[in-house]
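Shown below: final_10.pdb, with PDB, C-alpha atoms.
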```pdb
ATOM      1  CA  MET A   1     -45.860 -20.090 119.307
ATOM      2  CA  LYS A   2     -44.741 -19.704 115.713
ATOM      3  CA  VAL A   3     -43.340 -22.358 113.389
ATOM      4  CA  THR A   4     -42.201 -22.124 109.777
ATOM      5  CA  ILE A   5     -43.440 -24.649 107.241
ATOM      6  CA  ALA A   6     -41.930 -25.466 103.834
ATOM      7  CA  LEU A   7     -43.074 -28.029 101.280
ATOM      8  CA  ARG A   8     -40.919 -30.109  98.965
ATOM      9  CA  GLY A   9     -41.426 -31.930  95.675
ATOM     10  CA  THR A  10     -44.844 -31.606  94.088
ATOM     11  CA  LEU A  11     -46.284 -30.623  97.480
ATOM     12  CA  LYS A  12     -44.745 -27.182  96.849
ATOM     13  CA  LYS A  13     -47.640 -26.173  94.618
ATOM     14  CA  LEU A  14     -49.956 -26.260  97.653
ATOM     15  CA  PHE A  15     -48.297 -23.036  98.864
ATOM     16  CA  GLY A  16     -48.475 -21.391  95.414
ATOM     17  CA  ASP A  17     -45.593 -18.928  95.029
ATOM     18  CA  GLU A  18     -44.792 -18.824  98.753
ATOM     19  CA  PRO A  19     -41.495 -20.654  99.509
ATOM     20  CA  GLU A  20     -42.546 -21.107 103.125
ATOM     21  CA  ARG A  21     -45.315 -20.127 105.493
ATOM     22  CA  VAL A  22     -45.109 -18.985 109.131
ATOM     23  CA  VAL A  23     -48.065 -20.160 111.206
ATOM     24  CA  GLU A  24     -49.196 -19.368 114.750
ATOM     25  CA  VAL A  25     -49.984 -22.613 116.552
ATOM     26  CA  PRO A  26     -50.753 -23.651 120.159
ATOM     27  CA  ASP A  27     -47.807 -24.670 122.351
ATOM     28  CA  ASN A  28     -46.868 -28.352 122.039
ATOM     29  CA  CYS A  29     -48.843 -28.817 118.827
ATOM     30  CA  THR A  30     -47.921 -31.734 116.577
ATOM     31  CA  CYS A  31     -46.471 -31.624 113.055
ATOM     32  CA  ASP A  32     -49.860 -32.791 111.774
ATOM     33  CA  GLU A  33     -51.669 -29.956 113.581
ATOM     34  CA  ALA A  34     -49.178 -27.366 112.329
ATOM     35  CA  LEU A  35     -49.624 -28.579 108.749
ATOM     36  CA  GLN A  36     -53.394 -28.342 109.186
ATOM     37  CA  ALA A  37     -52.966 -24.761 110.434
ATOM     38  CA  ALA A  38     -51.219 -24.087 107.110
ATOM     39  CA  GLY A  39     -54.083 -25.689 105.195
ATOM     40  CA  ILE A  40     -52.409 -29.079 104.587
ATOM     41  CA  ASN A  41     -54.113 -32.357 105.497
ATOM     42  CA  TYR A  42     -51.437 -34.964 104.841
ATOM     43  CA  LYS A  43     -53.948 -37.832 104.916
ATOM     44  CA  GLU A  44     -55.552 -36.454 101.759
ATOM     45  CA  LEU A  45     -52.257 -36.283  99.856
ATOM     46  CA  LYS A  46     -51.530 -39.392  97.814
ATOM     47  CA  ASN A  47     -47.816 -38.608  97.455
ATOM     48  CA  PHE A  48     -47.103 -37.409 100.975
ATOM     49  CA  GLY A  49     -43.761 -38.827 102.101
ATOM     50  CA  PHE A  50     -42.344 -37.751 105.470
ATOM     51  CA  VAL A  51     -41.670 -34.712 107.658
ATOM     52  CA  SER A  52     -38.523 -33.214 109.137
ATOM     53  CA  VAL A  53     -38.038 -30.653 111.892
ATOM     54  CA  ASN A  54     -34.867 -28.584 111.742
ATOM     55  CA  ASN A  55     -33.610 -31.067 109.111
ATOM     56  CA  MET A  56     -34.148 -34.129 111.315
ATOM     57  CA  ARG A  57     -36.710 -36.698 110.246
ATOM     58  CA  VAL A  58     -39.552 -36.929 112.798
ATOM     59  CA  MET A  59     -42.913 -38.662 113.053
ATOM     60  CA  ILE A  60     -46.025 -36.782 111.970
ATOM     61  CA  ASP A  61     -47.387 -36.865 115.558
ATOM     62  CA  ASP A  62     -44.192 -35.543 117.149
ATOM     63  CA  ARG A  63     -44.543 -32.214 118.958
ATOM     64  CA  LEU A  64     -43.038 -28.917 117.904
ATOM     65  CA  ASN A  65     -41.277 -26.097 119.733
ATOM     66  CA  ASP A  66     -41.432 -22.372 119.138
ATOM     67  CA  GLY A  67     -39.292 -21.395 116.138
ATOM     68  CA  ASP A  68     -39.119 -24.890 114.639
ATOM     69  CA  TYR A  69     -38.721 -25.312 110.877
ATOM     70  CA  LEU A  70     -41.027 -28.046 109.594
ATOM     71  CA  LYS A  71     -40.611 -29.495 106.105
ATOM     72  CA  ALA A  72     -42.961 -31.916 104.404
ATOM     73  CA  PHE A  73     -41.493 -34.062 101.620
ATOM     74  CA  SER A  74     -43.282 -35.888  98.847
ATOM     75  CA  LYS A  75     -42.856 -39.581  98.058
ATOM     76  CA  VAL A  76     -40.226 -40.117  95.354
ATOM     77  CA  SER A  77     -39.846 -43.615  93.954
ATOM     78  CA  GLY A  78     -38.944 -43.553  90.257
ATOM     79  CA  GLY A  79     -35.818 -45.066  88.806
TER      80      GLY A  79
ATOM     81  CA  MET B  80      -4.709 -50.307  78.786
ATOM     82  CA  GLU B  81      -2.068 -47.804  79.895
ATOM     83  CA  HIS B  82      -3.321 -44.355  80.955
ATOM     84  CA  ARG B  83      -6.938 -45.562  81.303
ATOM     85  CA  TYR B  84      -7.140 -44.373  84.910
ATOM     86  CA  ASP B  85      -4.737 -41.407  84.670
ATOM     87  CA  ARG B  86      -7.492 -38.857  85.307
ATOM     88  CA  ASN B  87      -8.609 -40.728  88.430
ATOM     89  CA  ARG B  88      -5.258 -39.852  90.037
ATOM     90  CA  GLY B  89      -5.409 -37.212  92.712
ATOM     91  CA  THR B  90      -8.846 -38.531  93.629
ATOM     92  CA  ILE B  91      -8.283 -42.307  93.404
ATOM     93  CA  SER B  92      -4.733 -43.596  93.893
ATOM     94  CA  SER B  93      -3.181 -46.308  91.744
ATOM     95  CA  GLU B  94      -3.438 -48.731  94.674
ATOM     96  CA  GLU B  95      -7.085 -47.859  95.175
ATOM     97  CA  ASN B  96      -7.810 -48.401  91.487
ATOM     98  CA  LYS B  97      -6.199 -51.837  91.750
ATOM     99  CA  LYS B  98      -8.429 -52.577  94.737
ATOM    100  CA  LEU B  99     -11.544 -51.495  92.803
ATOM    101  CA  LEU B 100     -10.737 -54.065  90.110
ATOM    102  CA  THR B 101     -11.125 -56.802  92.742
ATOM    103  CA  GLN B 102     -14.426 -55.493  94.108
ATOM    104  CA  SER B 103     -18.022 -56.263  93.162
ATOM    105  CA  VAL B 104     -21.239 -54.269  93.002
ATOM    106  CA  CYS B 105     -24.747 -55.550  92.284
ATOM    107  CA  VAL B 106     -26.960 -52.996  90.533
ATOM    108  CA  ILE B 107     -30.677 -53.759  90.818
ATOM    109  CA  GLY B 108     -32.399 -52.082  87.886
ATOM    110  CA  CYS B 109     -30.830 -51.091  84.541
ATOM    111  CA  GLY B 110     -33.127 -48.191  83.622
ATOM    112  CA  GLY B 111     -32.680 -44.463  84.241
ATOM    113  CA  LEU B 112     -30.706 -44.783  87.455
ATOM    114  CA  GLY B 113     -29.143 -48.179  86.805
ATOM    115  CA  GLY B 114     -27.737 -47.288  83.389
ATOM    116  CA  GLY B 115     -25.938 -44.266  84.805
ATOM    117  CA  VAL B 116     -24.695 -46.211  87.815
ATOM    118  CA  ILE B 117     -23.357 -49.091  85.697
ATOM    119  CA  GLU B 118     -21.567 -46.738  83.320
ATOM    120  CA  GLY B 119     -20.064 -44.735  86.192
ATOM    121  CA  LEU B 120     -18.808 -47.858  87.967
ATOM    122  CA  THR B 121     -17.429 -49.255  84.706
ATOM    123  CA  ARG B 122     -15.462 -46.095  83.936
ATOM    124  CA  LEU B 123     -14.115 -45.983  87.509
ATOM    125  CA  GLY B 124     -12.851 -49.535  87.067
ATOM    126  CA  VAL B 125     -14.990 -51.514  89.514
ATOM    127  CA  GLY B 126     -14.020 -55.022  88.422
ATOM    128  CA  HIS B 127     -17.198 -57.041  88.876
ATOM    129  CA  ILE B 128     -20.668 -55.661  88.267
ATOM    130  CA  THR B 129     -23.885 -57.643  88.283
ATOM    131  CA  ALA B 130     -26.645 -55.938  86.278
ATOM    132  CA  VAL B 131     -30.157 -57.095  87.189
ATOM    133  CA  ASP B 132     -33.281 -56.214  85.207
ATOM    134  CA  GLY B 133     -36.011 -58.389  83.704
ATOM    135  CA  ASP B 134     -37.190 -55.665  81.330
ATOM    136  CA  VAL B 135     -36.448 -54.857  77.677
ATOM    137  CA  PHE B 136     -35.863 -51.399  76.193
ATOM    138  CA  GLU B 137     -38.857 -49.579  74.769
ATOM    139  CA  ALA B 138     -39.354 -46.230  73.059
ATOM    140  CA  SER B 139     -40.442 -44.421  76.230
ATOM    141  CA  ASN B 140     -36.993 -45.152  77.748
ATOM    142  CA  LEU B 141     -35.128 -43.142  75.094
ATOM    143  CA  ASN B 142     -35.688 -39.764  76.807
ATOM    144  CA  ARG B 143     -33.451 -40.635  79.771
ATOM    145  CA  GLN B 144     -31.964 -44.127  79.918
ATOM    146  CA  VAL B 145     -28.333 -43.895  78.806
ATOM    147  CA  LEU B 146     -28.107 -47.569  77.801
ATOM    148  CA  SER B 147     -31.043 -47.193  75.428
ATOM    149  CA  ASN B 148     -30.888 -46.204  71.767
ATOM    150  CA  GLU B 149     -33.040 -46.848  68.725
ATOM    151  CA  LYS B 150     -31.066 -49.960  67.758
ATOM    152  CA  VAL B 151     -31.616 -51.793  71.040
ATOM    153  CA  LEU B 152     -35.383 -51.441  71.400
ATOM    154  CA  GLY B 153     -36.765 -54.828  72.425
ATOM    155  CA  ARG B 154     -33.406 -56.013  73.807
ATOM    156  CA  PRO B 155     -33.011 -57.015  77.478
ATOM    157  CA  LYS B 156     -31.619 -54.095  79.492
ATOM    158  CA  ALA B 157     -29.249 -56.239  81.553
ATOM    159  CA  GLU B 158     -27.711 -57.861  78.479
ATOM    160  CA  GLU B 159     -27.279 -54.483  76.797
ATOM    161  CA  ALA B 160     -25.518 -53.208  79.919
ATOM    162  CA  ALA B 161     -23.022 -56.065  79.671
ATOM    163  CA  ARG B 162     -22.493 -55.633  75.918
ATOM    164  CA  GLN B 163     -22.046 -51.862  76.029
ATOM    165  CA  MET B 164     -19.760 -51.823  79.074
ATOM    166  CA  LYS B 165     -17.386 -54.289  77.416
ATOM    167  CA  GLU B 166     -16.765 -51.615  74.780
ATOM    168  CA  ILE B 167     -16.024 -48.984  77.458
ATOM    169  CA  ASN B 168     -13.760 -50.929  79.814
ATOM    170  CA  SER B 169     -12.540 -54.455  79.108
ATOM    171  CA  ASP B 170     -11.044 -54.607  82.637
ATOM    172  CA  VAL B 171     -14.583 -54.868  83.952
ATOM    173  CA  THR B 172     -16.899 -57.866  83.858
ATOM    174  CA  VAL B 173     -20.616 -57.098  83.796
ATOM    175  CA  ALA B 174     -22.705 -60.190  84.528
ATOM    176  CA  PRO B 175     -26.254 -59.737  83.234
ATOM    177  CA  VAL B 176     -29.253 -61.193  85.046
ATOM    178  CA  VAL B 177     -32.423 -60.919  82.963
ATOM    179  CA  ASP B 178     -34.857 -61.236  85.831
ATOM    180  CA  PHE B 179     -36.792 -59.029  88.235
ATOM    181  CA  LEU B 180     -35.916 -58.916  91.924
ATOM    182  CA  THR B 181     -38.349 -60.916  94.036
ATOM    183  CA  ALA B 182     -38.530 -62.018  97.662
ATOM    184  CA  GLU B 183     -37.528 -65.474  96.439
ATOM    185  CA  ASN B 184     -34.417 -64.549  94.451
ATOM    186  CA  ALA B 185     -33.219 -61.357  96.224
ATOM    187  CA  ARG B 186     -30.673 -62.904  98.592
ATOM    188  CA  ARG B 187     -29.254 -65.170  95.905
ATOM    189  CA  LEU B 188     -28.843 -62.242  93.476
ATOM    190  CA  ILE B 189     -26.961 -59.987  95.892
ATOM    191  CA  ALA B 190     -24.944 -62.586  97.862
ATOM    192  CA  GLY B 191     -21.178 -62.082  97.819
ATOM    193  CA  HIS B 192     -21.163 -58.505  96.513
ATOM    194  CA  ASP B 193     -19.369 -55.691  98.347
ATOM    195  CA  VAL B 194     -22.141 -53.141  97.739
ATOM    196  CA  VAL B 195     -25.681 -53.252  96.333
ATOM    197  CA  VAL B 196     -27.266 -50.354  94.429
ATOM    198  CA  ASP B 197     -30.983 -49.569  94.483
ATOM    199  CA  ALA B 198     -31.867 -48.419  90.960
ATOM    200  CA  LEU B 199     -35.412 -49.726  91.217
ATOM    201  CA  ASP B 200     -38.620 -47.960  90.257
ATOM    202  CA  ASN B 201     -41.097 -49.200  92.849
ATOM    203  CA  ILE B 202     -41.454 -49.250  96.609
ATOM    204  CA  SER B 203     -42.287 -52.920  97.228
ATOM    205  CA  ALA B 204     -39.099 -54.103  95.496
ATOM    206  CA  ARG B 205     -37.074 -51.550  97.492
ATOM    207  CA  LYS B 206     -38.469 -52.980 100.726
ATOM    208  CA  THR B 207     -37.580 -56.496  99.565
ATOM    209  CA  LEU B 208     -34.074 -55.347  98.634
ATOM    210  CA  GLU B 209     -33.454 -53.641 101.979
ATOM    211  CA  GLN B 210     -34.464 -56.824 103.822
ATOM    212  CA  ALA B 211     -32.215 -58.952 101.612
ATOM    213  CA  CYS B 212     -29.250 -56.602 102.141
ATOM    214  CA  GLU B 213     -29.784 -56.781 105.889
ATOM    215  CA  ALA B 214     -29.924 -60.592 105.761
ATOM    216  CA  GLU B 215     -26.739 -60.741 103.659
ATOM    217  CA  GLN B 216     -25.062 -57.926 105.676
ATOM    218  CA  ILE B 217     -24.299 -55.853 102.564
ATOM    219  CA  PRO B 218     -24.412 -52.011 102.368
ATOM    220  CA  LEU B 219     -27.135 -50.603 100.098
ATOM    221  CA  VAL B 220     -26.983 -47.316  98.197
ATOM    222  CA  HIS B 221     -30.493 -45.960  97.671
ATOM    223  CA  GLY B 222     -31.560 -43.607  94.900
ATOM    224  CA  ALA B 223     -34.956 -42.496  93.628
ATOM    225  CA  ILE B 224     -36.243 -39.868  91.196
ATOM    226  CA  ALA B 225     -39.415 -38.022  90.191
ATOM    227  CA  GLY B 226     -39.486 -35.065  87.816
ATOM    228  CA  TRP B 227     -37.101 -32.349  89.088
ATOM    229  CA  ASN B 228     -36.630 -34.207  92.375
ATOM    230  CA  GLY B 229     -34.391 -37.013  93.545
ATOM    231  CA  GLN B 230     -32.856 -38.493  96.664
ATOM    232  CA  VAL B 231     -29.863 -40.576  97.715
ATOM    233  CA  ALA B 232     -28.870 -42.375 100.924
ATOM    234  CA  VAL B 233     -26.514 -45.058 102.196
ATOM    235  CA  ILE B 234     -28.190 -47.831 104.167
ATOM    236  CA  MET B 235     -26.068 -50.133 106.315
ATOM    237  CA  PRO B 236     -27.552 -53.455 107.470
ATOM    238  CA  GLY B 237     -30.063 -52.758 110.235
ATOM    239  CA  ASP B 238     -30.583 -49.052 109.429
ATOM    240  CA  ARG B 239     -33.964 -49.750 107.750
ATOM    241  CA  LEU B 240     -34.172 -46.347 106.087
ATOM    242  CA  ILE B 241     -36.440 -47.646 103.306
ATOM    243  CA  GLN B 242     -38.984 -48.708 105.912
ATOM    244  CA  MET B 243     -38.896 -45.208 107.401
ATOM    245  CA  LEU B 244     -39.052 -43.469 104.032
ATOM    246  CA  TYR B 245     -41.948 -45.390 102.549
ATOM    247  CA  GLU B 246     -44.629 -45.946 105.146
ATOM    248  CA  GLY B 247     -47.929 -47.372 103.927
ATOM    249  CA  ASP B 248     -48.774 -49.652 101.043
ATOM    250  CA  ALA B 249     -48.321 -47.379  98.001
ATOM    251  CA  ASP B 250     -46.011 -48.869  95.380
ATOM    252  CA  LYS B 251     -45.257 -45.652  93.486
ATOM    253  CA  GLY B 252     -44.621 -42.016  94.344
ATOM    254  CA  GLU B 253     -45.038 -38.697  92.574
ATOM    255  CA  GLU B 254     -43.145 -39.933  89.479
ATOM    256  CA  LEU B 255     -46.525 -41.102  88.182
ATOM    257  CA  GLU B 256     -47.474 -37.424  88.078
ATOM    258  CA  THR B 257     -44.137 -35.868  87.074
ATOM    259  CA  GLY B 258     -42.571 -38.432  84.759
ATOM    260  CA  ASN B 259     -38.771 -38.567  84.617
ATOM    261  CA  PRO B 260     -36.760 -36.268  82.315
ATOM    262  CA  SER B 261     -33.137 -36.910  81.326
ATOM    263  CA  PHE B 262     -31.272 -34.745  83.811
ATOM    264  CA  THR B 263     -32.572 -36.065  87.135
ATOM    265  CA  PRO B 264     -31.494 -39.713  86.696
ATOM    266  CA  ALA B 265     -28.141 -38.425  85.409
ATOM    267  CA  VAL B 266     -27.584 -36.442  88.626
ATOM    268  CA  ILE B 267     -28.934 -38.994  91.076
ATOM    269  CA  SER B 268     -27.253 -42.014  89.464
ATOM    270  CA  ASN B 269     -23.887 -40.313  89.680
ATOM    271  CA  LEU B 270     -24.459 -39.326  93.303
ATOM    272  CA  GLU B 271     -25.091 -43.037  93.899
ATOM    273  CA  VAL B 272     -21.806 -43.876  92.150
ATOM    274  CA  ALA B 273     -19.946 -41.455  94.446
ATOM    275  CA  GLU B 274     -21.503 -43.115  97.507
ATOM    276  CA  VAL B 275     -20.578 -46.589  96.204
ATOM    277  CA  LEU B 276     -16.985 -45.453  95.690
ATOM    278  CA  LYS B 277     -16.780 -44.107  99.261
ATOM    279  CA  LEU B 278     -18.027 -47.441 100.590
ATOM    280  CA  LEU B 279     -15.627 -49.485  98.453
ATOM    281  CA  LEU B 280     -12.618 -47.348  99.376
ATOM    282  CA  GLU B 281     -13.733 -46.749 102.969
ATOM    283  CA  ARG B 282     -13.737 -42.996 102.539
ATOM    284  CA  PRO B 283     -15.474 -40.701 105.051
ATOM    285  CA  GLY B 284     -18.499 -38.532 104.310
ATOM    286  CA  SER B 285     -20.994 -41.242 103.432
ATOM    287  CA  LEU B 286     -24.716 -40.512 103.507
ATOM    288  CA  GLN B 287     -25.387 -43.157 106.168
ATOM    289  CA  HIS B 288     -28.295 -42.151 108.449
ATOM    290  CA  ARG B 289     -28.896 -39.204 106.119
ATOM    291  CA  LEU B 290     -31.025 -38.592 103.049
ATOM    292  CA  LEU B 291     -29.800 -36.120 100.442
ATOM    293  CA  THR B 292     -32.808 -34.581  98.712
ATOM    294  CA  VAL B 293     -32.309 -32.695  95.461
ATOM    295  CA  ASN B 294     -34.661 -30.294  93.702
ATOM    296  CA  LEU B 295     -33.143 -29.212  90.395
ATOM    297  CA  LEU B 296     -35.894 -26.692  89.630
ATOM    298  CA  HIS B 297     -35.373 -24.547  92.733
ATOM    299  CA  HIS B 298     -31.800 -25.694  93.455
ATOM    300  CA  GLU B 299     -32.593 -27.014  96.890
ATOM    301  CA  TYR B 300     -30.035 -29.558  98.119
ATOM    302  CA  GLU B 301     -30.818 -30.678 101.633
ATOM    303  CA  VAL B 302     -29.460 -33.399 103.902
ATOM    304  CA  ILE B 303     -32.063 -34.751 106.303
ATOM    305  CA  ASP B 304     -30.832 -36.592 109.383
ATOM    306  CA  PHE B 305     -32.630 -39.917 109.879
ATOM    307  CA  GLY B 306     -30.997 -40.688 113.240
ATOM    308  CA  GLU B 307     -28.874 -43.634 114.323
TER     309      GLU B 307
END
```
Please, can you express the file's structure as structure tokens?
Amino acid sequence: MKVTIALRGTLKKLFGDEPERVVEVPDNCTCDEALQAAGINYKELKNFGFVSVNNMRVMIDDRLNDGDYLKAFSKVSGG
Amino acid sequence: MEHRYDRNRGTISSEENKKLLTQSVCVIGCGGLGGGVIEGLTRLGVGHITAVDGDVFEASNLNRQVLSNEKVLGRPKAEEAARQMKEINSDVTVAPVVDFLTAENARRLIAGHDVVVDALDNISARKTLEQACEAEQIPLVHGAIAGWNGQVAVIMPGDRLIQMLYEGDADKGEELETGNPSFTPAVISNLEVAEVLKLLLERPGSLQHRLLTVNLLHHEYEVIDFGE
């Protein structure tokens, strides 16, 4: 199946000039696995915040469906 | 002062403005976000504001914090908030608290207010504040900034959005990398003011269960559903 991945905040630079990336992943793969397919290991990112699927916040180990839109947000905490 | 609230009309009725004068908001943090929030609430005519910050102004605040200027360097931020707001709107009382929020004082600081505003700059204090707001059953308006990015949400007692947003033990986010320029706190603080107003006047459209994320570089404005 295919899912689309977009990054937000300073994570954006990890995709260079690409606003989003479509990746082919196995059926029922998790958000974490899809990010890894796009070259992102969230555990290595100090400012990794949370993920959403189709604009709903989900857990990193939640499973994806074909056509899902996954976004990864950075941690924002200044004031 | 006659005509003070004339330009609120059409958006805020005369009766609603009278109601605002009786209401109270506790703003935790008087820096980039807090300064903008306090000024916005003061100009709207929210009658009782508590301004909490244990810090003093320093030169590195001047790029973005609207309560700072060269004359007040070294002065307590909370006291400056009270002094400056008196010159803007004498209908409003700003009570300064020159202290940092802690687990020990959090409930006492926020008790009795209609709404609390998160204008903090670290994650551990935000977690403390969310717990205190839940214990005191007071709505919390969350805001945070980093570089071109910011976010806003409304947290009702029991929602625990801060817990969901900031998993792990880190106390800071990407603002350590990006810094904070002038325009992002200006935008986010005023979005917080709008959410406070909706809560005070019981207007629809609040950001409860939702996080508005803003990227001013790419003009991405997204509302993420955090579930009920």
(-16.3, -40.3, 85.6) in this file's frame - what residues fall within 10 Å of it? Use all atoms listed in the file and give the answer as a compact mmCIF listing (two decimals) with C-alpha atoms, in the frame of the given file.
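So selection_30.txt came out as:
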```
# COMPACT_ATOMS: atom_id res chain seq x y z
CA ARG B 86 -7.49 -38.86 85.31
CA ASN B 87 -8.61 -40.73 88.43
CA GLU B 118 -21.57 -46.74 83.32
CA GLY B 119 -20.06 -44.74 86.19
CA LEU B 120 -18.81 -47.86 87.97
CA THR B 121 -17.43 -49.26 84.71
CA ARG B 122 -15.46 -46.10 83.94
CA LEU B 123 -14.12 -45.98 87.51
CA GLY B 124 -12.85 -49.54 87.07
CA ASN B 269 -23.89 -40.31 89.68
CA VAL B 272 -21.81 -43.88 92.15
CA ALA B 273 -19.95 -41.46 94.45
```
Return as an MDAnalysis selection string the residues belonging to chain A that are within 9 Å of chain B, counting only C-alpha atoms. chainID A and resid 8:10 46:50 52 54:58 74:79
Okay, now the selection with C-alpha atoms, as a PDB file, keeping the file's coordinate frame?
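Generated file (again.pdb):
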```pdb
ATOM      1  CA  ARG A   8     -40.919 -30.109  98.965  1.00  0.00           C
ATOM      2  CA  GLY A   9     -41.426 -31.930  95.675  1.00  0.00           C
ATOM      3  CA  THR A  10     -44.844 -31.606  94.088  1.00  0.00           C
ATOM      4  CA  LYS A  46     -51.530 -39.392  97.814  1.00  0.00           C
ATOM      5  CA  ASN A  47     -47.816 -38.608  97.455  1.00  0.00           C
ATOM      6  CA  PHE A  48     -47.103 -37.409 100.975  1.00  0.00           C
ATOM      7  CA  GLY A  49     -43.761 -38.827 102.101  1.00  0.00           C
ATOM      8  CA  PHE A  50     -42.344 -37.751 105.470  1.00  0.00           C
ATOM      9  CA  SER A  52     -38.523 -33.214 109.137  1.00  0.00           C
ATOM     10  CA  ASN A  54     -34.867 -28.584 111.742  1.00  0.00           C
ATOM     11  CA  ASN A  55     -33.610 -31.067 109.111  1.00  0.00           C
ATOM     12  CA  MET A  56     -34.148 -34.129 111.315  1.00  0.00           C
ATOM     13  CA  ARG A  57     -36.710 -36.698 110.246  1.00  0.00           C
ATOM     14  CA  VAL A  58     -39.552 -36.929 112.798  1.00  0.00           C
ATOM     15  CA  SER A  74     -43.282 -35.888  98.847  1.00  0.00           C
ATOM     16  CA  LYS A  75     -42.856 -39.581  98.058  1.00  0.00           C
ATOM     17  CA  VAL A  76     -40.226 -40.117  95.354  1.00  0.00           C
ATOM     18  CA  SER A  77     -39.846 -43.615  93.954  1.00  0.00           C
ATOM     19  CA  GLY A  78     -38.944 -43.553  90.257  1.00  0.00           C
ATOM     20  CA  GLY A  79     -35.818 -45.066  88.806  1.00  0.00           C
TER      21      GLY A  79
END
```
Can you tell me how far atom CA of A:Asp66 sits from atom CA of A:Met1, in Å to one decimal? 5.0 Å
Can you spell out as an NGL selection string the set of residues that the PyMOL selection byres ((chain A and resi 22-37) around 6) selects in the structure I just provided? :A and (1-4 or 21 or 38-41 or 60-64)
Distance in Å - atom CA of B:Asp248 versus atom CA of B:Leu270: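 Spanning atom CA of B:Asp248 to atom CA of B:Leu270 is a straight-line distance of 27.5 Å.
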Could you tell me how far atom CA of B:Arg282 lies from atom CA of B:Asn96, in Å and to one decimal?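 We find that atom CA of B:Arg282 and atom CA of B:Asn96 lie 13.7 Å from each other.
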Step by step, gather every atom of stretch 34-44 of chain A that the file lists, find the box along x, y and z that holds them, add 8 Å on each side, and finally give centre and edge lengths in Å to one decimal, as AutoDock Vina command-line options.
```
--center_x -52.4 --center_y -31.0 --center_z 107.0 --size_x 22.4 --size_y 29.7 --size_z 26.6
```
Need the shell around B:Ser261: protein/DNA/RNA residues with any atom at most 7 Å away, counting all atoms listed in the file. Skip same-chain ones fewer than 4 positions apart. Format as a PyMOL selection string? chain B and resi 142-143+265
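When all atoms listed in the file are used to measure the gap to B:Ile234, the shortest distance among B:His127, B:His221, B:Arg83, B:Lys98 belongs to B:His221.
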Residues picked by the PyMOL selection byres ((chain B and resi 132) around 8) here, as a ChimeraX atom specification? /B:107-109,130-131,133-134,155-157,176-180
Let me know the residues the PyMOL selection byres ((chain B and resi 172) around 10) catches in the file above, as a ChimeraX atom specification. /B:100,103,121,124-129,161-162,164-165,168-171,173-175
